[in-house]
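See below for the structure under consideration.
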Amino acid sequence: MKVLSIQSHVAYGHVGNSSAVFPMQRLGVEVWPVHTVQFSNHTGYGQWRGRVFDGPAVEEVVQGVAERGALKDCDAVLSGYMGSADIGTAILRTVAAVRAANREALYCCDPVIGDTYSGVYVRPGIADFMRAQAVPAADILTPNQFELDLISGAPSDTLEAAKAAAASVMALGPRVLLVTSLATAETPPDAIDMLAAGDGSFWRVRTPRLDLKAVSGAGDAVAALYLVHYLRTRSAALALGMAAASIHGLLRKTAEAGSEELLTVAAQEEFVAPSLAFPVEVV
């Protein structure tokens with residue numbers, strides 16, 4: 001299996017491609033990472049160094065891959081944080097090129113816009129680009145709850161409301177949707193839910209809420225894990241159970257160590273053989 005992953009990259013820590021690439025490789029996937037930024041660390045530290053690449057720089061790298069005749073072997077494109085609309089345009093052009101070379105290739109879009117704690121943290125215009133262009137182009141979409149609400153234009157404060165919001169987003173184009181973190185009126189205070197949708201059905205996994213410091217990059221990792229498991233099983237429900245088990249294991253080990261960065265390398269066995277499994281419920 002081969003995945004083209006277009007995301008940000010940091011030298012220190014694990015966000016963007018630094019969070020997504022290794023779990024996919026650990027699962028035996030050949031990953032072609034294309035970086036949209038090259039930073040020393042994620043911006044949550046308040047200080048960082050490095051550079052942001054523009055759309056043409058991304059397209060130039062992809063063109064070089066295409067010149068190797070490799071796009072016909074690409075099974076999926078994965079995208080995350082888009083620093084600018086021209087990066088988004090470059091990603092969608094890449095998706096079109098991959099689909100032209102391989103009709104079976106999928107596009108998994110992690111629509112990074114913001115979160116409940118920070119609100120919208122992307123540049124002006126990115127949220128509109130996501131809803132108008134990226135979401136309709138995606139086969140798989142992996143928003144968090146804040147992003148689900150923003151894209152759907154409706155709250156997801158109950159399970160039924162979350163299902164309705166997911167259905168309205170899928171009506172824009174994606175055939176599979178994963179809500180990577182969900183807390184509704186039905187979610188106990190000591191738990192967190194993940195919700196998957198596909199083929200008119202919905203499934204939920206509930207995991208214990210962890211005493212975890214604010215860490216970045218978990219959404220990038222779970223989108224990558226879900227994509228790989230969906231590519232292999234073609235089951236939204238099976239992919240949900242496997243991705244939830246792995247991301248919980250990663251976060252649990254990170255919490256136990258009191259780390260401010262994901263312990264992506266130290267917890268790598270959780271990607272291939274999670275220490276805990278959680279039931280997948282039809283909802």
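Each chain of the structure tokens is named A, B, ... in the order shown, its residues numbered from 1; ligands are numbered from 1 in display order.
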Contact residues around Leu78 (chain A) with only C-alpha atoms at 6 Å, ignoring same-chain residues under 2 positions, as number ranges by chain: A: 5, 108-109
Name the residues in contact with region 146-161 of chain A at a cut-off of 6 Å, using only C-alpha atoms, excluding same-chain residues fewer than 6 positions from it; report them as a PDB file with N, CA and C atoms, in the first residue's frame.
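Okay, this is what ended up in selection_9.pdb:
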ATOM      1  N   ASP A 115     -10.359  23.989  17.023  1.00  0.00           N
ATOM      2  CA  ASP A 115     -10.876  23.072  18.031  1.00  0.00           C
ATOM      3  C   ASP A 115     -11.685  23.840  19.067  1.00  0.00           C
ATOM      4  N   THR A 116     -12.307  23.087  19.955  1.00  0.00           N
ATOM      5  CA  THR A 116     -13.204  23.677  20.945  1.00  0.00           C
ATOM      6  C   THR A 116     -12.486  24.661  21.851  1.00  0.00           C
ATOM      7  N   ARG A 131     -14.856  23.900   3.174  1.00  0.00           N
ATOM      8  CA  ARG A 131     -16.253  23.528   2.959  1.00  0.00           C
ATOM      9  C   ARG A 131     -16.626  23.535   1.479  1.00  0.00           C
ATOM     10  N   VAL A 169     -22.903  16.805   6.200  1.00  0.00           N
ATOM     11  CA  VAL A 169     -21.559  16.985   5.648  1.00  0.00           C
ATOM     12  C   VAL A 169     -21.293  15.948   4.562  1.00  0.00           C
ATOM     13  N   THR A 184     -21.051  14.404  23.588  1.00  0.00           N
ATOM     14  CA  THR A 184     -22.450  14.816  23.485  1.00  0.00           C
ATOM     15  C   THR A 184     -23.117  14.684  24.855  1.00  0.00           C
ATOM     16  N   ALA A 185     -24.388  14.994  24.901  1.00  0.00           N
ATOM     17  CA  ALA A 185     -25.130  14.875  26.156  1.00  0.00           C
ATOM     18  C   ALA A 185     -25.138  13.446  26.665  1.00  0.00           C
TER      19      ALA A 185
END
Exercise: region 221-224 of chain A partners within 9 Å, only C-alpha atoms, chain neighbours under 5 positions left out, as a list of chain:residue names: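 So the residues in contact are A:Ser5, A:His14, A:Val15, A:Gly16, A:Asn17, A:Ser18, A:Ser19, A:Ala20, A:Val21, A:Phe22, A:Pro23, A:Met24, A:Leu78, A:Gly80, A:Cys108, A:Cys109, A:Asp110, A:Leu141, A:Thr142, A:Pro143, A:Leu178, A:Thr180, A:His229, A:Ala243, A:Ala244, A:Ser246, A:Ile247, A:Thr264.
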Per-residue DSSP, region 135-281 of chain A, filtered to strand (DSSP E), as a PyMOL selection string: chain A and resi 140-141+176-182+191-198+201-208+280-281
Residues as selected, C-alpha atoms, written as a tab-separated table (two decimals), in the first residue's frame, can you do that?
chain	number	residue	atom	x	y	z
A	140	ILE	CA	-13.02	10.20	3.63
A	141	LEU	CA	-13.33	13.16	6.00
A	176	VAL	CA	-17.07	7.98	4.83
A	177	LEU	CA	-16.80	10.30	7.83
A	178	LEU	CA	-14.96	9.94	11.13
A	179	VAL	CA	-15.53	12.37	14.01
A	180	THR	CA	-12.26	12.01	15.87
A	181	SER	CA	-13.43	13.31	19.25
A	182	LEU	CA	-17.04	13.72	20.29
A	191	ALA	CA	-15.26	9.21	28.56
A	192	ILE	CA	-14.80	10.46	25.01
A	193	ASP	CA	-16.49	9.14	21.87
A	194	MET	CA	-15.51	8.64	18.24
A	195	LEU	CA	-18.22	8.40	15.60
A	196	ALA	CA	-17.94	6.86	12.13
A	197	ALA	CA	-20.45	7.01	9.32
A	198	GLY	CA	-20.74	5.22	6.00
A	201	SER	CA	-25.01	3.64	9.09
A	202	PHE	CA	-23.34	5.08	12.18
A	203	TRP	CA	-20.99	3.49	14.69
A	204	ARG	CA	-19.58	4.74	17.99
A	205	VAL	CA	-16.55	3.81	20.07
A	206	ARG	CA	-16.27	5.07	23.64
A	207	THR	CA	-12.90	5.21	25.41
A	208	PRO	CA	-11.89	6.43	28.88
A	280	VAL	CA	-17.90	-0.70	18.27
A	281	GLU	CA	-21.62	0.05	18.71
Exercise: Pro56 (chain A) partners within 12 Å, only C-alpha atoms, chain neighbours under 5 positions left out, as a ChimeraX atom specification: /A:36,61-63,84-91,93-94
Mind dumping the selected residues with all heavy atoms as a compact mmCIF listing (two decimals), in the first residue's frame?
# COMPACT_ATOMS: atom_id res chain seq x y z
N THR A 36 4.24 20.79 3.72
CA THR A 36 3.73 22.12 3.41
C THR A 36 4.45 23.20 4.21
O THR A 36 4.42 24.37 3.83
CB THR A 36 2.22 22.20 3.69
OG1 THR A 36 1.97 21.87 5.06
CG2 THR A 36 1.45 21.24 2.80
N VAL A 61 7.13 19.16 -6.11
CA VAL A 61 7.54 17.88 -5.53
C VAL A 61 6.67 16.75 -6.08
O VAL A 61 7.17 15.69 -6.46
CB VAL A 61 7.47 17.94 -3.99
CG1 VAL A 61 7.75 16.56 -3.40
CG2 VAL A 61 8.47 18.95 -3.44
N VAL A 62 5.36 16.98 -6.11
CA VAL A 62 4.45 15.95 -6.62
C VAL A 62 4.75 15.66 -8.09
O VAL A 62 4.71 14.50 -8.53
CB VAL A 62 2.98 16.39 -6.44
CG1 VAL A 62 2.04 15.40 -7.13
CG2 VAL A 62 2.64 16.51 -4.97
N GLN A 63 5.08 16.70 -8.87
CA GLN A 63 5.43 16.49 -10.28
C GLN A 63 6.64 15.57 -10.41
O GLN A 63 6.68 14.70 -11.28
CB GLN A 63 5.72 17.83 -10.95
CG GLN A 63 6.04 17.69 -12.45
CD GLN A 63 6.36 19.02 -13.10
OE1 GLN A 63 6.25 20.07 -12.47
NE2 GLN A 63 6.75 18.98 -14.36
N SER A 84 -2.48 27.85 3.54
CA SER A 84 -3.01 28.88 2.66
C SER A 84 -3.90 28.23 1.61
O SER A 84 -3.85 27.02 1.39
CB SER A 84 -1.86 29.64 1.97
OG SER A 84 -1.11 28.76 1.15
N ALA A 85 -4.72 29.06 0.94
CA ALA A 85 -5.63 28.53 -0.07
C ALA A 85 -4.85 27.95 -1.25
O ALA A 85 -5.30 26.98 -1.88
CB ALA A 85 -6.58 29.62 -0.54
N ASP A 86 -3.67 28.51 -1.56
CA ASP A 86 -2.93 27.97 -2.70
C ASP A 86 -2.34 26.60 -2.39
O ASP A 86 -2.18 25.77 -3.29
CB ASP A 86 -1.86 28.95 -3.21
CG ASP A 86 -0.65 29.04 -2.32
OD1 ASP A 86 -0.81 29.03 -1.08
OD2 ASP A 86 0.47 29.14 -2.84
N ILE A 87 -2.07 26.33 -1.11
CA ILE A 87 -1.68 24.97 -0.70
C ILE A 87 -2.87 24.04 -0.94
O ILE A 87 -2.72 22.92 -1.46
CB ILE A 87 -1.26 24.93 0.78
CG1 ILE A 87 0.08 25.64 0.97
CG2 ILE A 87 -1.18 23.49 1.27
CD1 ILE A 87 1.28 24.88 0.49
N GLY A 88 -4.06 24.49 -0.56
CA GLY A 88 -5.25 23.69 -0.78
C GLY A 88 -5.48 23.39 -2.25
O GLY A 88 -5.81 22.26 -2.63
N THR A 89 -5.28 24.38 -3.09
CA THR A 89 -5.42 24.18 -4.53
C THR A 89 -4.41 23.17 -5.05
O THR A 89 -4.74 22.29 -5.86
CB THR A 89 -5.24 25.52 -5.27
OG1 THR A 89 -6.25 26.43 -4.83
CG2 THR A 89 -5.34 25.33 -6.78
N ALA A 90 -3.17 23.25 -4.54
CA ALA A 90 -2.14 22.29 -4.94
C ALA A 90 -2.52 20.87 -4.52
O ALA A 90 -2.30 19.91 -5.28
CB ALA A 90 -0.80 22.67 -4.32
N ILE A 91 -3.10 20.73 -3.33
CA ILE A 91 -3.52 19.41 -2.85
C ILE A 91 -4.62 18.85 -3.75
O ILE A 91 -4.58 17.67 -4.16
CB ILE A 91 -3.97 19.48 -1.39
CG1 ILE A 91 -2.76 19.74 -0.48
CG2 ILE A 91 -4.70 18.20 -0.97
CD1 ILE A 91 -3.12 20.05 0.95
N ARG A 93 -5.27 19.59 -6.85
CA ARG A 93 -4.69 19.25 -8.15
C ARG A 93 -3.93 17.93 -8.06
O ARG A 93 -3.97 17.12 -9.01
CB ARG A 93 -3.75 20.37 -8.61
CG ARG A 93 -4.48 21.62 -9.10
CD ARG A 93 -3.50 22.73 -9.45
NE ARG A 93 -4.19 23.90 -9.96
CZ ARG A 93 -3.63 25.09 -10.13
NH1 ARG A 93 -2.34 25.26 -9.81
NH2 ARG A 93 -4.31 26.10 -10.59
N THR A 94 -3.28 17.70 -6.93
CA THR A 94 -2.59 16.43 -6.73
C THR A 94 -3.59 15.28 -6.70
O THR A 94 -3.36 14.22 -7.31
CB THR A 94 -1.78 16.46 -5.43
OG1 THR A 94 -0.77 17.47 -5.53
CG2 THR A 94 -1.14 15.12 -5.14
Interatomic distance (Å, one decimal) between CA of Leu27 (chain A) and CA of Gln268 (chain A): 9.6 Å
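The residue that comes closest to Glu256 (chain A), out of A:Glu270, A:Leu276, A:Lys213, A:Ala57 and on the basis of only C-alpha atoms, is A:Lys213.
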Length of the CA of Ser79 (chain A) to CA of Leu4 (chain A) vector [Å]: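 Pair CA of Ser79 (chain A) / CA of Leu4 (chain A) returns 8.5 Å.
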Arg232 (chain A) environment, 12 Å, only C-alpha atoms, sequence neighbours closer than 4 positions dropped, as a PDB file with N, CA, C and O atoms, in the first residue's frame:
ATOM      1  N   MET A   1       0.833  -1.187   0.000  1.00  0.00           N
ATOM      2  CA  MET A   1       0.000   0.000   0.000  1.00  0.00           C
ATOM      3  C   MET A   1       0.871   1.242   0.000  1.00  0.00           C
ATOM      4  O   MET A   1       1.897   1.291   0.684  1.00  0.00           O
ATOM      5  N   LYS A   2       0.462   2.246  -0.767  1.00  0.00           N
ATOM      6  CA  LYS A   2       1.242   3.472  -0.890  1.00  0.00           C
ATOM      7  C   LYS A   2       0.335   4.676  -0.688  1.00  0.00           C
ATOM      8  O   LYS A   2      -0.731   4.772  -1.300  1.00  0.00           O
ATOM      9  N   LEU A  27       2.713   0.289  10.174  1.00  0.00           N
ATOM     10  CA  LEU A  27       1.689  -0.643   9.719  1.00  0.00           C
ATOM     11  C   LEU A  27       2.031  -1.254   8.358  1.00  0.00           C
ATOM     12  O   LEU A  27       1.221  -1.972   7.776  1.00  0.00           O
ATOM     13  N   GLY A  28       3.220  -0.948   7.853  1.00  0.00           N
ATOM     14  CA  GLY A  28       3.675  -1.562   6.624  1.00  0.00           C
ATOM     15  C   GLY A  28       3.323  -0.806   5.357  1.00  0.00           C
ATOM     16  O   GLY A  28       3.400  -1.371   4.262  1.00  0.00           O
ATOM     17  N   VAL A  29       2.971   0.466   5.504  1.00  0.00           N
ATOM     18  CA  VAL A  29       2.586   1.275   4.353  1.00  0.00           C
ATOM     19  C   VAL A  29       3.796   2.053   3.835  1.00  0.00           C
ATOM     20  O   VAL A  29       4.576   2.592   4.622  1.00  0.00           O
ATOM     21  N   ASP A  75      -2.327   4.554  -3.619  1.00  0.00           N
ATOM     22  CA  ASP A  75      -3.643   4.086  -3.162  1.00  0.00           C
ATOM     23  C   ASP A  75      -4.485   5.188  -2.543  1.00  0.00           C
ATOM     24  O   ASP A  75      -5.713   5.090  -2.513  1.00  0.00           O
ATOM     25  N   ALA A  76      -3.824   6.226  -2.025  1.00  0.00           N
ATOM     26  CA  ALA A  76      -4.587   7.288  -1.363  1.00  0.00           C
ATOM     27  C   ALA A  76      -3.731   8.535  -1.200  1.00  0.00           C
ATOM     28  O   ALA A  76      -2.505   8.461  -1.106  1.00  0.00           O
ATOM     29  N   LEU A 225      -4.175   6.588  10.782  1.00  0.00           N
ATOM     30  CA  LEU A 225      -4.519   5.225  11.180  1.00  0.00           C
ATOM     31  C   LEU A 225      -5.844   4.791  10.563  1.00  0.00           C
ATOM     32  O   LEU A 225      -5.975   3.669  10.057  1.00  0.00           O
ATOM     33  N   TYR A 226      -6.825   5.675  10.621  1.00  0.00           N
ATOM     34  CA  TYR A 226      -8.142   5.335  10.084  1.00  0.00           C
ATOM     35  C   TYR A 226      -8.061   5.084   8.579  1.00  0.00           C
ATOM     36  O   TYR A 226      -8.645   4.126   8.062  1.00  0.00           O
ATOM     37  N   LEU A 227      -7.327   5.933   7.877  1.00  0.00           N
ATOM     38  CA  LEU A 227      -7.183   5.756   6.430  1.00  0.00           C
ATOM     39  C   LEU A 227      -6.600   4.390   6.100  1.00  0.00           C
ATOM     40  O   LEU A 227      -7.123   3.668   5.239  1.00  0.00           O
ATOM     41  N   VAL A 228      -5.518   4.017   6.773  1.00  0.00           N
ATOM     42  CA  VAL A 228      -4.877   2.730   6.485  1.00  0.00           C
ATOM     43  C   VAL A 228      -5.831   1.579   6.751  1.00  0.00           C
ATOM     44  O   VAL A 228      -5.984   0.664   5.926  1.00  0.00           O
ATOM     45  N   ALA A 236     -16.010   1.026   7.439  1.00  0.00           N
ATOM     46  CA  ALA A 236     -15.927   2.180   8.326  1.00  0.00           C
ATOM     47  C   ALA A 236     -15.947   1.753   9.795  1.00  0.00           C
ATOM     48  O   ALA A 236     -15.294   2.366  10.636  1.00  0.00           O
ATOM     49  N   LEU A 238     -14.966  -1.361  11.157  1.00  0.00           N
ATOM     50  CA  LEU A 238     -13.725  -2.033  11.554  1.00  0.00           C
ATOM     51  C   LEU A 238     -12.585  -1.032  11.685  1.00  0.00           C
ATOM     52  O   LEU A 238     -11.786  -1.100  12.631  1.00  0.00           O
ATOM     53  N   ALA A 239     -12.506  -0.099  10.746  1.00  0.00           N
ATOM     54  CA  ALA A 239     -11.447   0.919  10.808  1.00  0.00           C
ATOM     55  C   ALA A 239     -11.594   1.763  12.063  1.00  0.00           C
ATOM     56  O   ALA A 239     -10.593   2.150  12.687  1.00  0.00           O
ATOM     57  N   MET A 242     -10.226  -0.232  15.170  1.00  0.00           N
ATOM     58  CA  MET A 242      -8.768  -0.369  15.184  1.00  0.00           C
ATOM     59  C   MET A 242      -8.074   0.970  15.414  1.00  0.00           C
ATOM     60  O   MET A 242      -7.106   1.064  16.181  1.00  0.00           O
TER      61      MET A 242
END
A:Ala97, A:Met82, A:Ala255, A:Ala273 ranked by distance to Asp211 (chain A), top pick (using only C-alpha atoms):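 When distances to Asp211 (chain A) are compared using only C-alpha atoms, the smallest one comes from A:Ala255.
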Which of region 162-247 of chain A fall in helix (DSSP H, G or I), as a ChimeraX atom specification: /A:162-170,218-233,236-247
